[in-house]
$ cat structure.pdb   # PDB, C-alpha atoms
ATOM      1  CA  MET A   8      25.589 -19.522  16.014
ATOM      2  CA  LYS A   9      29.105 -19.404  14.604
ATOM      3  CA  GLN A  10      28.164 -21.827  11.884
ATOM      4  CA  ARG A  11      25.252 -19.655  10.967
ATOM      5  CA  GLU A  12      27.536 -16.656  10.702
ATOM      6  CA  GLU A  13      29.756 -18.616   8.332
ATOM      7  CA  THR A  14      26.924 -19.694   6.081
ATOM      8  CA  ARG A  15      25.779 -16.114   5.986
ATOM      9  CA  THR A  16      29.110 -14.906   4.661
ATOM     10  CA  THR A  17      29.300 -17.638   2.040
ATOM     11  CA  ASP A  18      25.745 -16.882   1.004
ATOM     12  CA  ASN A  19      26.543 -13.225   0.649
ATOM     13  CA  SER A  20      29.685 -13.798  -1.365
ATOM     14  CA  GLY A  21      27.779 -16.125  -3.662
ATOM     15  CA  LEU A  22      25.226 -13.426  -4.125
ATOM     16  CA  GLY A  23      27.917 -10.856  -4.795
ATOM     17  CA  GLN A  24      29.206 -12.943  -7.697
ATOM     18  CA  GLU A  25      25.740 -13.314  -9.113
ATOM     19  CA  THR A  26      24.560  -9.761  -9.072
ATOM     20  CA  GLY A  27      27.632  -7.695  -8.417
ATOM     21  CA  SER A  28      25.844  -6.155  -5.434
ATOM     22  CA  ARG A  29      27.006  -6.302  -1.859
ATOM     23  CA  SER A  30      23.556  -5.972  -0.382
ATOM     24  CA  GLY A  31      21.765  -9.243   0.047
ATOM     25  CA  GLY A  32      18.824 -11.112   1.335
ATOM     26  CA  LYS A  33      19.769 -11.369   4.985
ATOM     27  CA  PRO A  34      17.914  -8.788   7.100
ATOM     28  CA  THR A  35      20.253  -6.415   8.908
ATOM     29  CA  ARG A  36      19.716  -4.387  12.043
ATOM     30  CA  PHE A  37      19.372  -1.301   9.862
ATOM     31  CA  ASP A  38      16.281  -2.828   8.267
ATOM     32  CA  LEU A  39      14.701  -3.168  11.695
ATOM     33  CA  LEU A  40      15.780   0.355  12.654
ATOM     34  CA  LEU A  41      14.160   1.650   9.483
ATOM     35  CA  LEU A  42      10.957  -0.220  10.313
ATOM     36  CA  LEU A  43      10.960   1.152  13.854
ATOM     37  CA  ALA A  44      11.636   4.676  12.593
ATOM     38  CA  ILE A  45       8.663   4.538  10.222
ATOM     39  CA  LEU A  46       6.406   3.050  12.901
ATOM     40  CA  LEU A  47       7.520   5.717  15.375
ATOM     41  CA  PHE A  48       6.910   8.483  12.834
ATOM     42  CA  ALA A  49       3.477   7.064  12.028
ATOM     43  CA  GLY A  50       2.734   6.743  15.743
ATOM     44  CA  ILE A  51       3.505  10.415  16.350
ATOM     45  CA  PHE A  52       1.503  11.340  13.257
ATOM     46  CA  TRP A  53      -1.420   9.262  14.564
ATOM     47  CA  LEU A  54      -1.211  10.769  18.055
ATOM     48  CA  ALA A  55      -1.177  14.246  16.536
ATOM     49  CA  VAL A  56      -4.283  13.515  14.491
ATOM     50  CA  HIS A  57      -6.204  11.796  17.272
ATOM     51  CA  PHE A  58      -5.325  13.767  20.378
ATOM     52  CA  LEU A  59      -4.350  17.224  19.249
ATOM     53  CA  THR A  60      -7.446  17.514  17.096
ATOM     54  CA  PRO A  61     -10.636  17.415  19.127
ATOM     55  CA  ALA A  62     -13.721  15.420  18.258
ATOM     56  CA  GLY A  63     -15.353  17.173  15.330
ATOM     57  CA  ASN A  64     -18.916  18.399  15.212
ATOM     58  CA  THR A  65     -19.575  18.560  11.488
ATOM     59  CA  VAL A  66     -19.744  15.938   8.771
ATOM     60  CA  VAL A  67     -18.896  17.077   5.268
ATOM     61  CA  VAL A  68     -19.627  14.807   2.327
ATOM     62  CA  THR A  69     -17.889  15.587  -0.950
ATOM     63  CA  VAL A  70     -18.334  13.909  -4.325
ATOM     64  CA  ASP A  71     -15.688  14.503  -6.980
ATOM     65  CA  GLY A  72     -14.361  17.485  -5.039
ATOM     66  CA  TYR A  73     -17.735  19.199  -4.560
ATOM     67  CA  THR A  74     -19.409  19.434  -1.168
ATOM     68  CA  VAL A  75     -22.836  17.874  -1.478
ATOM     69  CA  LEU A  76     -23.867  17.545   2.156
ATOM     70  CA  THR A  77     -22.996  19.155   5.482
ATOM     71  CA  LEU A  78     -24.466  17.571   8.608
ATOM     72  CA  SER A  79     -24.125  17.995  12.343
ATOM     73  CA  LEU A  80     -22.527  15.102  14.222
ATOM     74  CA  SER A  81     -24.707  15.650  17.277
ATOM     75  CA  GLU A  82     -27.938  14.809  15.494
ATOM     76  CA  ASP A  83     -28.725  11.148  14.713
ATOM     77  CA  ARG A  84     -29.930  10.753  11.140
ATOM     78  CA  GLU A  85     -29.454   8.952   7.843
ATOM     79  CA  GLU A  86     -28.960  10.534   4.454
ATOM     80  CA  VAL A  87     -28.734   8.853   1.068
ATOM     81  CA  VAL A  88     -26.192  10.503  -1.200
ATOM     82  CA  LYS A  89     -26.711   9.741  -4.877
ATOM     83  CA  THR A  90     -23.596  10.091  -7.007
ATOM     84  CA  GLY A  91     -23.234   9.631 -10.737
ATOM     85  CA  ASN A  92     -22.071   6.091 -10.059
ATOM     86  CA  GLY A  93     -24.430   4.944  -7.319
ATOM     87  CA  PHE A  94     -25.541   5.713  -3.804
ATOM     88  CA  ASN A  95     -24.020   5.816  -0.311
ATOM     89  CA  THR A  96     -26.109   5.962   2.830
ATOM     90  CA  ILE A  97     -24.477   8.171   5.450
ATOM     91  CA  ARG A  98     -25.497   7.311   9.018
ATOM     92  CA  ILE A  99     -24.890   9.544  12.019
ATOM     93  CA  LYS A 100     -25.445   7.874  15.340
ATOM     94  CA  ASP A 101     -24.169   8.654  18.856
ATOM     95  CA  GLY A 102     -21.779  11.342  17.612
ATOM     96  CA  GLU A 103     -20.174   9.034  15.054
ATOM     97  CA  VAL A 104     -20.585   8.858  11.323
ATOM     98  CA  SER A 105     -20.372   5.779   9.118
ATOM     99  CA  VAL A 106     -21.431   4.633   5.675
ATOM    100  CA  ALA A 107     -24.309   2.270   6.378
ATOM    101  CA  GLU A 108     -24.943   1.102   2.837
ATOM    102  CA  ALA A 109     -23.477   1.567  -0.611
ATOM    103  CA  ASP A 110     -23.756  -0.057  -4.016
ATOM    104  CA  CYS A 111     -20.128   0.415  -5.015
ATOM    105  CA  PRO A 112     -18.304  -2.722  -6.203
ATOM    106  CA  ASP A 113     -15.848  -3.122  -3.330
ATOM    107  CA  ARG A 114     -18.069  -1.732  -0.544
ATOM    108  CA  LEU A 115     -14.941  -0.769   1.380
ATOM    109  CA  CYS A 116     -16.620   2.427   2.590
ATOM    110  CA  ALA A 117     -19.418   0.417   4.209
ATOM    111  CA  LYS A 118     -16.929  -1.957   5.864
ATOM    112  CA  HIS A 119     -15.018   1.004   7.294
ATOM    113  CA  GLY A 120     -15.805   1.637  10.937
ATOM    114  CA  ALA A 121     -17.493   4.759  12.298
ATOM    115  CA  ILE A 122     -15.394   7.932  12.673
ATOM    116  CA  ARG A 123     -15.763  10.836  15.102
ATOM    117  CA  ASN A 124     -12.512  12.823  15.264
ATOM    118  CA  SER A 125     -11.807  15.919  13.249
ATOM    119  CA  GLY A 126      -9.752  15.111  10.162
ATOM    120  CA  GLU A 127     -10.857  11.485   9.934
ATOM    121  CA  THR A 128     -12.262  10.317   6.613
ATOM    122  CA  ILE A 129     -14.183   7.466   5.049
ATOM    123  CA  ILE A 130     -13.468   7.188   1.352
ATOM    124  CA  CYS A 131     -15.451   5.484  -1.373
ATOM    125  CA  LEU A 132     -13.049   5.356  -4.306
ATOM    126  CA  PRO A 133     -15.517   4.028  -6.940
ATOM    127  CA  HIS A 134     -18.021   6.814  -6.233
ATOM    128  CA  LYS A 135     -15.343   9.485  -5.628
ATOM    129  CA  LEU A 136     -17.106  10.180  -2.331
ATOM    130  CA  ILE A 137     -15.415  11.364   0.839
ATOM    131  CA  VAL A 138     -17.024  11.580   4.262
ATOM    132  CA  GLU A 139     -14.968  13.867   6.442
ATOM    133  CA  VAL A 140     -15.369  15.012  10.040
ATOM    134  CA  ARG A 141     -14.544  18.667  10.650
ATOM    135  CA  GLU A 142     -14.890  20.989  13.584
ATOM    136  CA  HIS A 143     -16.655  24.298  14.101
ATOM    137  CA  GLU A 144     -18.502  24.574  10.869
ATOM    138  CA  THR A 145     -22.153  25.335  10.619
ATOM    139  CA  GLU A 146     -24.521  25.116   7.732
TER
ATOM    140  CA  MET B 241      22.677 -13.648 -18.635
ATOM    141  CA  ARG B 242      21.798 -14.537 -22.228
ATOM    142  CA  PRO B 243      19.019 -12.419 -23.769
ATOM    143  CA  ASN B 244      16.690 -15.342 -24.507
ATOM    144  CA  LYS B 245      17.040 -16.636 -20.971
ATOM    145  CA  ARG B 246      16.308 -13.161 -19.649
ATOM    146  CA  ILE B 247      13.141 -12.879 -21.753
ATOM    147  CA  ALA B 248      11.937 -16.326 -20.664
ATOM    148  CA  LEU B 249      12.639 -15.542 -17.014
ATOM    149  CA  ARG B 250      10.780 -12.235 -17.234
ATOM    150  CA  GLY B 251       7.753 -14.067 -18.634
ATOM    151  CA  CYS B 252       7.820 -16.830 -16.008
ATOM    152  CA  LEU B 253       8.259 -14.424 -13.117
ATOM    153  CA  MET B 254       5.559 -12.097 -14.462
ATOM    154  CA  ALA B 255       3.169 -15.055 -14.551
ATOM    155  CA  LEU B 256       4.180 -16.029 -11.018
ATOM    156  CA  ALA B 257       3.563 -12.484  -9.790
ATOM    157  CA  LEU B 258       0.157 -12.452 -11.490
ATOM    158  CA  VAL B 259      -0.826 -15.719  -9.790
ATOM    159  CA  LEU B 260       0.281 -14.324  -6.430
ATOM    160  CA  SER B 261      -1.840 -11.170  -6.943
ATOM    161  CA  TYR B 262      -4.806 -13.355  -7.819
ATOM    162  CA  LEU B 263      -4.317 -15.667  -4.830
ATOM    163  CA  GLU B 264      -4.153 -12.649  -2.565
ATOM    164  CA  SER B 265      -7.408 -11.281  -3.949
ATOM    165  CA  LEU B 266      -9.116 -14.528  -2.891
ATOM    166  CA  VAL B 267      -8.203 -14.006   0.766
ATOM    167  CA  PRO B 268     -11.002 -12.063   2.433
ATOM    168  CA  VAL B 269     -10.120  -8.778   4.067
ATOM    169  CA  PHE B 270      -9.919  -9.506   7.752
ATOM    170  CA  TRP B 271      -8.343  -6.327   9.049
ATOM    171  CA  ALA B 272     -10.300  -3.602  10.775
ATOM    172  CA  PHE B 273      -9.236  -1.153   8.112
ATOM    173  CA  PRO B 274     -10.491  -2.301   4.719
ATOM    174  CA  GLY B 275      -8.452  -2.438   1.554
ATOM    175  CA  ILE B 276      -5.209  -3.495   3.190
ATOM    176  CA  ARG B 277      -3.180  -6.097   1.335
ATOM    177  CA  LEU B 278       0.104  -7.814   2.004
ATOM    178  CA  GLY B 279       1.385  -7.435  -1.550
ATOM    179  CA  LEU B 280       2.546 -11.005  -2.176
ATOM    180  CA  ALA B 281       3.395 -10.197  -5.796
ATOM    181  CA  ASN B 282       6.117  -7.882  -4.540
ATOM    182  CA  ILE B 283       8.117 -10.908  -3.420
ATOM    183  CA  VAL B 284       8.666 -11.454  -7.144
ATOM    184  CA  THR B 285       9.419  -7.778  -7.781
ATOM    185  CA  ILE B 286      12.110  -7.677  -5.110
ATOM    186  CA  PHE B 287      13.537 -11.025  -6.155
ATOM    187  CA  VAL B 288      13.859  -9.779  -9.747
ATOM    188  CA  LEU B 289      15.294  -6.438  -8.594
ATOM    189  CA  TYR B 290      18.076  -8.270  -6.754
ATOM    190  CA  LYS B 291      18.698 -11.138  -9.150
ATOM    191  CA  MET B 292      18.216  -9.492 -12.550
ATOM    192  CA  GLY B 293      18.165  -5.719 -12.186
ATOM    193  CA  PRO B 294      15.956  -2.630 -12.089
ATOM    194  CA  VAL B 295      14.903  -2.786 -15.759
ATOM    195  CA  ASP B 296      13.681  -6.362 -15.408
ATOM    196  CA  ALA B 297      11.917  -5.520 -12.159
ATOM    197  CA  GLY B 298      10.160  -2.653 -13.913
ATOM    198  CA  PHE B 299       9.125  -4.899 -16.814
ATOM    199  CA  VAL B 300       7.791  -7.659 -14.571
ATOM    200  CA  THR B 301       5.866  -5.226 -12.360
ATOM    201  CA  LEU B 302       4.387  -3.247 -15.251
ATOM    202  CA  GLY B 303       3.413  -6.438 -17.078
ATOM    203  CA  ARG B 304       1.787  -7.855 -13.965
ATOM    204  CA  ILE B 305      -0.214  -4.670 -13.351
ATOM    205  CA  ILE B 306      -1.493  -4.466 -16.929
ATOM    206  CA  LEU B 307      -2.421  -8.167 -17.050
ATOM    207  CA  ASN B 308      -4.059  -7.882 -13.638
ATOM    208  CA  MET B 309      -6.126  -4.953 -14.913
ATOM    209  CA  LEU B 310      -7.194  -6.835 -18.058
ATOM    210  CA  LEU B 311      -8.165  -9.949 -16.105
ATOM    211  CA  PHE B 312      -9.658  -8.690 -12.859
ATOM    212  CA  GLY B 313      -9.650  -4.913 -12.658
ATOM    213  CA  ASN B 314     -10.716  -1.708 -14.339
ATOM    214  CA  VAL B 315      -9.117   1.556 -15.364
ATOM    215  CA  THR B 316      -9.471   3.126 -11.905
ATOM    216  CA  THR B 317      -7.679   0.281 -10.151
ATOM    217  CA  LEU B 318      -5.045   0.491 -12.901
ATOM    218  CA  ILE B 319      -4.334   4.138 -12.044
ATOM    219  CA  TYR B 320      -3.955   3.366  -8.344
ATOM    220  CA  SER B 321      -1.766   0.344  -9.001
ATOM    221  CA  LEU B 322       0.413   2.226 -11.471
ATOM    222  CA  VAL B 323       0.984   5.259  -9.257
ATOM    223  CA  GLY B 324       1.718   3.024  -6.264
ATOM    224  CA  ALA B 325       4.106   0.931  -8.342
ATOM    225  CA  VAL B 326       5.924   3.954  -9.797
ATOM    226  CA  PHE B 327       6.443   5.377  -6.292
ATOM    227  CA  SER B 328       7.615   2.114  -4.758
ATOM    228  CA  MET B 329       9.765   1.026  -7.703
ATOM    229  CA  THR B 330      11.546   4.391  -7.849
ATOM    230  CA  VAL B 331      12.300   4.351  -4.143
ATOM    231  CA  MET B 332      13.376   0.703  -4.152
ATOM    232  CA  ILE B 333      15.690   1.126  -7.138
ATOM    233  CA  LEU B 334      17.259   4.173  -5.447
ATOM    234  CA  ALA B 335      17.486   2.423  -2.060
ATOM    235  CA  LYS B 336      18.973  -0.854  -3.270
ATOM    236  CA  PRO B 337      22.574   0.373  -3.693
ATOM    237  CA  LEU B 338      22.591   1.825  -0.162
ATOM    238  CA  PRO B 339      24.939   0.017   2.199
ATOM    239  CA  HIS B 340      23.688  -1.670   5.375
ATOM    240  CA  PHE B 341      20.180  -2.329   4.087
ATOM    241  CA  SER B 342      19.084  -5.751   2.871
ATOM    242  CA  ALA B 343      16.126  -6.659   0.687
ATOM    243  CA  MET B 344      13.969  -6.248   3.791
ATOM    244  CA  GLY B 345      14.873  -2.574   4.230
ATOM    245  CA  VAL B 346      14.360  -1.913   0.529
ATOM    246  CA  SER B 347      10.988  -3.637   0.720
ATOM    247  CA  ILE B 348       9.959  -1.640   3.810
ATOM    248  CA  LEU B 349      10.623   1.570   1.894
ATOM    249  CA  GLY B 350       8.831   0.153  -1.134
ATOM    250  CA  GLY B 351       5.728  -0.767   0.861
ATOM    251  CA  THR B 352       5.628   2.598   2.595
ATOM    252  CA  PHE B 353       6.007   4.573  -0.614
ATOM    253  CA  HIS B 354       3.503   2.378  -2.438
ATOM    254  CA  ASN B 355       0.894   3.542   0.051
ATOM    255  CA  ILE B 356       2.050   7.159  -0.127
ATOM    256  CA  GLY B 357       1.706   6.938  -3.915
ATOM    257  CA  GLN B 358      -1.802   5.532  -3.682
ATOM    258  CA  CYS B 359      -2.824   8.295  -1.293
ATOM    259  CA  VAL B 360      -1.438  10.909  -3.675
ATOM    260  CA  ALA B 361      -3.378   9.269  -6.517
ATOM    261  CA  ALA B 362      -6.536   9.270  -4.402
ATOM    262  CA  ALA B 363      -6.010  12.928  -3.501
ATOM    263  CA  PHE B 364      -5.883  13.799  -7.205
ATOM    264  CA  LEU B 365      -8.729  11.535  -8.324
ATOM    265  CA  LEU B 366     -11.033  12.610  -5.485
ATOM    266  CA  LYS B 367      -9.839  16.224  -5.662
ATOM    267  CA  SER B 368      -9.384  16.401  -1.906
ATOM    268  CA  GLY B 369      -6.319  16.620   0.274
ATOM    269  CA  SER B 370      -8.174  15.214   3.276
ATOM    270  CA  VAL B 371      -7.436  11.739   1.925
ATOM    271  CA  MET B 372      -3.940  12.134   3.328
ATOM    272  CA  SER B 373      -5.209  11.558   6.874
ATOM    273  CA  VAL B 374      -5.559   7.886   5.927
ATOM    274  CA  LEU B 375      -1.752   7.769   5.859
ATOM    275  CA  THR B 376      -1.716   7.534   9.664
ATOM    276  CA  VAL B 377      -2.920   3.963   9.148
ATOM    277  CA  LEU B 378      -1.382   3.239   5.754
ATOM    278  CA  LEU B 379       2.202   4.277   6.609
ATOM    279  CA  PRO B 380       2.811   1.734   9.400
ATOM    280  CA  VAL B 381       0.786  -0.914   7.572
ATOM    281  CA  GLY B 382       2.871  -0.423   4.425
ATOM    282  CA  ALA B 383       6.077  -0.634   6.429
ATOM    283  CA  VAL B 384       5.042  -3.854   8.209
ATOM    284  CA  ALA B 385       3.729  -5.485   5.028
ATOM    285  CA  GLY B 386       6.946  -4.459   3.289
ATOM    286  CA  ALA B 387       8.995  -5.984   6.096
ATOM    287  CA  VAL B 388       7.188  -9.336   5.832
ATOM    288  CA  ILE B 389       7.476  -9.364   2.031
ATOM    289  CA  GLY B 390      11.128  -8.285   2.168
ATOM    290  CA  PHE B 391      11.920 -10.996   4.700
ATOM    291  CA  LEU B 392      10.356 -13.665   2.471
ATOM    292  CA  ALA B 393      12.032 -12.265  -0.653
ATOM    293  CA  GLY B 394      15.351 -12.235   1.231
ATOM    294  CA  ILE B 395      15.068 -15.976   1.877
ATOM    295  CA  LEU B 396      14.507 -16.604  -1.839
ATOM    296  CA  ILE B 397      17.356 -14.284  -2.807
ATOM    297  CA  ARG B 398      19.716 -16.279  -0.626
ATOM    298  CA  ARG B 399      18.458 -19.720  -1.646
ATOM    299  CA  ILE B 400      17.758 -19.428  -5.369
ATOM    300  CA  SER B 401      20.435 -18.915  -7.984
ATOM    301  CA  LEU B 402      19.565 -17.927 -11.525
ATOM    302  CA  ASP B 403      23.052 -18.743 -12.864
ATOM    303  CA  GLN B 404      22.945 -22.207 -14.346
TER
END
$ encode --input "structure.pdb" --output "structure tokens"
Amino acid sequence: MKQREETRTTDNSGLGQETGSRSGGKPTRFDLLLLLAILLFAGIFWLAVHFLTPAGNTVVVTVDGYTVLTLSLSEDREEVVKTGNGFNTIRIKDGEVSVAEADCPDRLCAKHGAIRNSGETIICLPHKLIVEVREHETE
Amino acid sequence: MRPNKRIALRGCLMALALVLSYLESLVPVFWAFPGIRLGLANIVTIFVLYKMGPVDAGFVTLGRIILNMLLFGNVTTLIYSLVGAVFSMTVMILAKPLPHFSAMGVSILGGTFHNIGQCVAAAFLLKSGSVMSVLTVLLPVGAVAGAVIGFLAGILIRRISLDQ
């Protein structure tokens, strides 16, 4: 352990000569604290989104900023949304919405799991399409 | 460092970063949340930031992004990459002189802000602020990916000397 400490200091001094900087490659406890702080912040953020916001009842589909489709989450159905770049099939089943099919190049929207909580989104970047769950909105 | 050596090193490291980006694109996405990457090329960025300086790190990153776009991407991916890179590079260059933090801490901030930058870009391109809710996933993921990359870059920073 002591030997390790020594090599650390020599390493750091070597580095200091090279770059003129005192910060180095060896992780410090502040790095881990920073990581924990970000994870904690994200955790609280996540809890706020998932538990303070109730399950939504409306699905809003927007393409390039315009709302093209508003659906109820309680009704199982499938809708094909045609955008200027291709199509996305929106599937509502058991109170959850997902993108069942799409012809975008990366198909990330189709790989995304189903969402049900208010504020959650599925995004198809190539088609500029956003599927968002909202609450208390009727057609 | 002599200018010609600096130019040669920039070129070599840019090529290395490009290969790492390509290798990473070959690995299938196996996370539950699609689109998440480790950011292997950022090992090079952080190494250059520590061993050569912010200007060189900017050059290598910008060069890698443009070459990556020409070889494998399109203009849309270029916008996302650029905005993410500008956010993370700015934060990392500002964070590097801070005491107490090593390359790992700088990289954690870089990874986090890269994802914040991409969300901001998405919010503008998709004309919707609701994109920001994705940050609940992308913030911790960026921090963890940054930690792994920073840890690896830290090993290289300690082991490799460019002064010869």
$ interface_residues --input "structure.pdb" --of "chain A" --to "chain B" --cutoff "8 Å" --atoms "only C-alpha atoms" --output "ChimeraX atom specification"
/A:18-19,22,25-26,28-35,37-39,41-42,45-46,49-50,52-53,56,70-72,115,118-120,126-128,130,132-133,135-137,139
$ residues_around --input "structure.pdb" --residues "Gly313 (chain B)" --least-positions-apart "6" --cutoff "12 Å" --atoms "all atoms listed in the file" --output "short mmCIF file (atom, residue, chain, number, x, y, z; two decimals) with C-alpha atoms, keeping the file's coordinate frame"
data_model
loop_
_atom_site.label_atom_id
_atom_site.label_comp_id
_atom_site.auth_asym_id
_atom_site.auth_seq_id
_atom_site.Cartn_x
_atom_site.Cartn_y
_atom_site.Cartn_z
CA PRO A 112 -18.30 -2.72 -6.20
CA ASP A 113 -15.85 -3.12 -3.33
CA SER B 261 -1.84 -11.17 -6.94
CA TYR B 262 -4.81 -13.36 -7.82
CA SER B 265 -7.41 -11.28 -3.95
CA ARG B 304 1.79 -7.86 -13.96
CA ILE B 305 -0.21 -4.67 -13.35
CA ILE B 306 -1.49 -4.47 -16.93
CA LEU B 307 -2.42 -8.17 -17.05
CA ILE B 319 -4.33 4.14 -12.04
CA TYR B 320 -3.96 3.37 -8.34
CA SER B 321 -1.77 0.34 -9.00
#
$ resolve_selection --input "structure.pdb" --expression "the PyMOL selection byres ((chain B and resi 323) around 8)" --output "list in words"
Ile319, Tyr320, Ser321, Leu322, Gly324, Ala325, Val326, Phe327, His354, Gly357, Gln358 and Ala361 of chain B
$ atom_distance --input "structure.pdb" --atom1 "CA of Asn92 (chain A)" --atom2 "CA of Cys111 (chain A)"
7.8 Å
$ atom_distance --input "structure.pdb" --atom1 "CA of Arg277 (chain B)" --atom2 "CA of Glu264 (chain B)"
7.7 Å
$ atom_distance --input "structure.pdb" --atom1 "CA of Asn124 (chain A)" --atom2 "CA of Val140 (chain A)"
6.3 Å
$ resolve_selection --input "structure.pdb" --expression "the PyMOL selection byres ((chain B and resi 330) around 10)" --output "PyMOL selection string"
chain B and resi 294+298+325-329+331-335+350+353-354
$ residues_around --input "structure.pdb" --residues "Leu253 (chain B)" --least-positions-apart "2" --cutoff "9 Å" --atoms "only C-alpha atoms" --output "ChimeraX atom specification"
/B:248-251,255-258,284-285,288,300
$ write_last_selection --input "structure.pdb" --atoms "C-alpha atoms" --output "PDB file, keeping the file's coordinate frame"
ATOM      1  CA  ALA B 248      11.937 -16.326 -20.664  1.00  0.00           C
ATOM      2  CA  LEU B 249      12.639 -15.542 -17.014  1.00  0.00           C
ATOM      3  CA  ARG B 250      10.780 -12.235 -17.234  1.00  0.00           C
ATOM      4  CA  GLY B 251       7.753 -14.067 -18.634  1.00  0.00           C
ATOM      5  CA  ALA B 255       3.169 -15.055 -14.551  1.00  0.00           C
ATOM      6  CA  LEU B 256       4.180 -16.029 -11.018  1.00  0.00           C
ATOM      7  CA  ALA B 257       3.563 -12.484  -9.790  1.00  0.00           C
ATOM      8  CA  LEU B 258       0.157 -12.452 -11.490  1.00  0.00           C
ATOM      9  CA  VAL B 284       8.666 -11.454  -7.144  1.00  0.00           C
ATOM     10  CA  THR B 285       9.419  -7.778  -7.781  1.00  0.00           C
ATOM     11  CA  VAL B 288      13.859  -9.779  -9.747  1.00  0.00           C
ATOM     12  CA  VAL B 300       7.791  -7.659 -14.571  1.00  0.00           C
TER      13      VAL B 300
END
$ closest_residue --input "structure.pdb" --among "A:Leu59, A:Val106, A:Ile99, A:Val68" --to "Ser81 (chain A)" --atoms "all atoms listed in the file"
A:Ile99
$ closest_residue --input "structure.pdb" --among "A:His57, A:Thr74, A:Thr90, A:Cys116" --to "Ile129 (chain A)" --atoms "only C-alpha atoms"
A:Cys116
$ closest_residue --input "structure.pdb" --among "B:Ile389, B:Phe312, B:Met241, B:Ile276" --to "Asn355 (chain B)" --atoms "all atoms listed in the file"
B:Ile276
$ build_atoms --input "structure.pdb" --residues "region 127-138 of chain A" --atoms "N, CA and C atoms" --output "PDB file, in the frame of the given file"
ATOM      1  N   GLU A 127     -10.687  12.866  10.364  1.00  0.00           N
ATOM      2  CA  GLU A 127     -10.857  11.485   9.934  1.00  0.00           C
ATOM      3  C   GLU A 127     -11.740  11.430   8.683  1.00  0.00           C
ATOM      4  N   THR A 128     -11.501  10.419   7.867  1.00  0.00           N
ATOM      5  CA  THR A 128     -12.262  10.317   6.613  1.00  0.00           C
ATOM      6  C   THR A 128     -12.687   8.880   6.353  1.00  0.00           C
ATOM      7  N   ILE A 129     -13.806   8.741   5.666  1.00  0.00           N
ATOM      8  CA  ILE A 129     -14.183   7.466   5.049  1.00  0.00           C
ATOM      9  C   ILE A 129     -14.242   7.752   3.559  1.00  0.00           C
ATOM     10  N   ILE A 130     -13.576   6.903   2.775  1.00  0.00           N
ATOM     11  CA  ILE A 130     -13.468   7.188   1.352  1.00  0.00           C
ATOM     12  C   ILE A 130     -14.082   6.063   0.538  1.00  0.00           C
ATOM     13  N   CYS A 131     -14.908   6.452  -0.424  1.00  0.00           N
ATOM     14  CA  CYS A 131     -15.451   5.484  -1.373  1.00  0.00           C
ATOM     15  C   CYS A 131     -14.816   5.800  -2.727  1.00  0.00           C
ATOM     16  N   LEU A 132     -13.774   5.060  -3.068  1.00  0.00           N
ATOM     17  CA  LEU A 132     -13.049   5.356  -4.306  1.00  0.00           C
ATOM     18  C   LEU A 132     -13.934   5.222  -5.554  1.00  0.00           C
ATOM     19  N   PRO A 133     -14.738   4.153  -5.689  1.00  0.00           N
ATOM     20  CA  PRO A 133     -15.517   4.028  -6.940  1.00  0.00           C
ATOM     21  C   PRO A 133     -16.487   5.186  -7.157  1.00  0.00           C
ATOM     22  N   HIS A 134     -17.057   5.724  -6.078  1.00  0.00           N
ATOM     23  CA  HIS A 134     -18.021   6.814  -6.233  1.00  0.00           C
ATOM     24  C   HIS A 134     -17.387   8.190  -6.079  1.00  0.00           C
ATOM     25  N   LYS A 135     -16.065   8.229  -5.859  1.00  0.00           N
ATOM     26  CA  LYS A 135     -15.343   9.485  -5.628  1.00  0.00           C
ATOM     27  C   LYS A 135     -15.966  10.267  -4.476  1.00  0.00           C
ATOM     28  N   LEU A 136     -16.410   9.545  -3.450  1.00  0.00           N
ATOM     29  CA  LEU A 136     -17.106  10.180  -2.331  1.00  0.00           C
ATOM     30  C   LEU A 136     -16.217  10.148  -1.086  1.00  0.00           C
ATOM     31  N   ILE A 137     -16.180  11.287  -0.392  1.00  0.00           N
ATOM     32  CA  ILE A 137     -15.415  11.364   0.839  1.00  0.00           C
ATOM     33  C   ILE A 137     -16.326  11.852   1.961  1.00  0.00           C
ATOM     34  N   VAL A 138     -16.328  11.125   3.062  1.00  0.00           N
ATOM     35  CA  VAL A 138     -17.024  11.580   4.262  1.00  0.00           C
ATOM     36  C   VAL A 138     -15.947  12.060   5.212  1.00  0.00           C
TER      37      VAL A 138
END
